[in-house]
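One structure is given here, and the rest of the page talks about it.
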Amino acid sequence: MFSNSVKILSIFGFEVRVDPSWLLIAGLITWSLSQQYFPSVMPDQPPRMYLLMAITAMLLFFVSLLLHELAHSVVARRLGVPVSRITLFLFGGVAELESEPQSAGVELRVAVAGPIMSFCLSFGFWWLAGLADYLQTPAVFSAIFSYLALINLVLAVFNLVPAFPLDGGRILRAYLWHRTGDVLGATETASKSGYVFAYFLMAMGMFSLFSGAFIAGLWQIVLGGFVLLAARSSYQFQLARAVFADKNVSALMNSAPVVVAPEMTLSDFANQIMLKGRVSFVPVVEDGVLLGHMDVKLLSGIDRENWESTRVGDVFAGMDTETIVEPDLPVQDLLALIASTGRRKFLVAADHQLLGVITLADLTKYLDVANVLRDRRKH
């Protein structure tokens, strides 16, 4: 999910990573605190003091986000939901669950853990701010603790908005799932609440832009776009789980794909196979034996003036285990393979015999048809 993230530590057995996008939000928080917030609550301080306070508050906010996600992760692991890692990124943090909760009760308990932690942190920092005032410590401590109490309260309340995939949206999904027993329907409804909230955020962002608050408006628009995309992808993921639950590769593959012989020239291959058949990934077969595959990337690696004198057999890719899947492979496992390798097209074979070809496009088309049929049944 976050291919450029960097591991910074491990805690309680969880790998904690930071995506480079986090540096942007860290910089914005530090700038706004040092230039606006702390000068307004503690006037007449030197700029160096404001910067030091801002960096301290930003780092403690970083810790608060980490504790919020740790709460999700610890509860998830105790309830049997594996967590691969915690990643902090532009929009906060995310505990990357390796599988979906198996029941509405598990979903609910995992979802509420984060906001509860944020409420506890808010109360804790509020108490520390009061203690700092009582002990008459330097005012900087009270100012920093007060800010952290406020920001953790905002974090908790924002996450409780019933808009998927926020924690509140997951709580809503858990309630609907428990009431109806239909996790897909519950996810669809919760995702629609996410759409509404996303469009609201983007509308508020546009209003802020026209009001002169450029940074705040831009942030709301980007955040709204993220919520919208996350809500849509969450529903599509759940739909895929439901549709492909009992399917294997042999059920969805193209069992009569276009094939090419190794003796064919690249010119004929391009004109008669790729252009005429509108295919970009073709098995190479000789006397009924699967030899490998030919695709656009391999063809484009040969100068066009040499296509007439070059055969497919001279340049095709041989039998590569990364491009071959077995016919009884569950589609869910194929999707995981696509996600981990980035490869979208596979040969389906057994004992060097070609059985078919399956691609991400095949899965997407099947999913789209299943979605249309589901909508028609509802109406």
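Chain lettering (A, B, ...) mirrors the order of the structure tokens, residue numbering begins at 1 for each chain separately, and ligand numbering begins at 1 in order of display.
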- Query: Can you list every residue in stretch 77-282 of chain A that DSSP puts in strand (DSSP E), as a PyMOL selection string?
  - Reply: chain A and resi 83-89+92-97+281-282
Filtering to N, CA and C atoms, could you give me those residues as an mmCIF file, in the first residue's frame?
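And here's selection-v4.cif as it stands now:
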```
data_model
loop_
_atom_site.group_PDB
_atom_site.id
_atom_site.type_symbol
_atom_site.label_atom_id
_atom_site.label_comp_id
_atom_site.auth_asym_id
_atom_site.auth_seq_id
_atom_site.Cartn_x
_atom_site.Cartn_y
_atom_site.Cartn_z
ATOM 1 N N VAL A 83 -2.121 -8.098 11.948
ATOM 2 C CA VAL A 83 -1.756 -6.750 11.516
ATOM 3 C C VAL A 83 -0.328 -6.789 11.022
ATOM 4 N N SER A 84 -0.113 -6.388 9.784
ATOM 5 C CA SER A 84 1.227 -6.460 9.206
ATOM 6 C C SER A 84 2.127 -5.331 9.688
ATOM 7 N N ARG A 85 1.576 -4.123 9.727
ATOM 8 C CA ARG A 85 2.402 -2.975 10.114
ATOM 9 C C ARG A 85 1.518 -1.772 10.404
ATOM 10 N N ILE A 86 2.144 -0.754 10.974
ATOM 11 C CA ILE A 86 1.498 0.546 11.177
ATOM 12 C C ILE A 86 2.272 1.557 10.352
ATOM 13 N N THR A 87 1.560 2.341 9.555
ATOM 14 C CA THR A 87 2.224 3.325 8.695
ATOM 15 C C THR A 87 1.644 4.709 8.953
ATOM 16 N N LEU A 88 2.513 5.655 9.182
ATOM 17 C CA LEU A 88 2.118 7.052 9.309
ATOM 18 C C LEU A 88 2.342 7.722 7.962
ATOM 19 N N PHE A 89 1.338 8.477 7.506
ATOM 20 C CA PHE A 89 1.416 9.095 6.180
ATOM 21 C C PHE A 89 0.713 10.442 6.205
ATOM 22 N N GLY A 92 -2.435 11.015 8.409
ATOM 23 C CA GLY A 92 -2.421 10.494 9.777
ATOM 24 C C GLY A 92 -1.712 9.166 9.840
ATOM 25 N N GLY A 93 -2.453 8.126 10.237
ATOM 26 C CA GLY A 93 -1.860 6.802 10.363
ATOM 27 C C GLY A 93 -2.866 5.735 9.993
ATOM 28 N N VAL A 94 -2.353 4.532 9.752
ATOM 29 C CA VAL A 94 -3.227 3.418 9.429
ATOM 30 C C VAL A 94 -2.585 2.137 9.931
ATOM 31 N N ALA A 95 -3.402 1.310 10.595
ATOM 32 C CA ALA A 95 -2.987 -0.031 10.971
ATOM 33 C C ALA A 95 -3.372 -0.949 9.815
ATOM 34 N N GLU A 96 -2.391 -1.538 9.168
ATOM 35 C CA GLU A 96 -2.639 -2.316 7.956
ATOM 36 C C GLU A 96 -3.027 -3.752 8.324
ATOM 37 N N LEU A 97 -4.333 -4.003 8.364
ATOM 38 C CA LEU A 97 -4.849 -5.327 8.697
ATOM 39 C C LEU A 97 -4.597 -6.272 7.521
ATOM 40 N N PHE A 281 -0.798 -10.063 -24.769
ATOM 41 C CA PHE A 281 -0.116 -11.122 -24.012
ATOM 42 C C PHE A 281 -0.531 -12.447 -24.636
ATOM 43 N N VAL A 282 0.429 -13.147 -25.254
ATOM 44 C CA VAL A 282 0.093 -14.319 -26.058
ATOM 45 C C VAL A 282 0.974 -15.504 -25.666
#
```
- Got a sec: who's within 7 Å of A:Ala349, counting only C-alpha atoms, leaving out chain neighbours fewer than 4 positions off, as a ChimeraX atom specification? /A:324-327,353-356
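Among A:Gly301, A:Asn371, A:Gly212, A:Asp362, the residue with the shortest atom-to-atom distance to A:Gly185, counting only C-alpha atoms, is A:Asn371.
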- Item | Near-A:Tyr366 list (12 Å; only C-alpha atoms; drop same-chain fewer than 5 positions) as a PyMOL selection string | chain A and resi 239-240+243-244+247+251-253+331+358-361+371-373
Go ahead and write the selection's residues with C-alpha atoms as a PDB file, in the first residue's frame.
```
ATOM      1  CA  LEU A 239     -17.398  -6.955  -3.180  1.00  0.00           C
ATOM      2  CA  ALA A 240     -14.422  -8.863  -4.582  1.00  0.00           C
ATOM      3  CA  VAL A 243     -17.897 -12.493  -5.505  1.00  0.00           C
ATOM      4  CA  PHE A 244     -14.665 -14.501  -5.619  1.00  0.00           C
ATOM      5  CA  LYS A 247     -14.077 -19.190  -7.321  1.00  0.00           C
ATOM      6  CA  ALA A 251     -13.715 -20.791 -13.537  1.00  0.00           C
ATOM      7  CA  LEU A 252     -12.763 -17.343 -14.844  1.00  0.00           C
ATOM      8  CA  MET A 253      -9.875 -17.934 -17.256  1.00  0.00           C
ATOM      9  CA  VAL A 331      -9.026 -16.179  -7.175  1.00  0.00           C
ATOM     10  CA  ILE A 358      -6.265 -15.082 -16.988  1.00  0.00           C
ATOM     11  CA  THR A 359      -5.766 -11.343 -16.557  1.00  0.00           C
ATOM     12  CA  LEU A 360      -6.703  -8.611 -14.132  1.00  0.00           C
ATOM     13  CA  ALA A 361      -9.045  -7.297 -16.835  1.00  0.00           C
ATOM     14  CA  ASN A 371     -22.022  -5.496  -9.309  1.00  0.00           C
ATOM     15  CA  VAL A 372     -24.609  -4.722 -12.025  1.00  0.00           C
ATOM     16  CA  LEU A 373     -26.534  -7.915 -11.257  1.00  0.00           C
TER      17      LEU A 373
END
```
- Would you return as number ranges by chain the members of stretch 67-280 of chain A that DSSP assigns to helix (DSSP H, G or I) on this structure's backbone? A: 67-78, 104-134, 139-159, 167-180, 183-210, 214-243, 249-252, 266-277
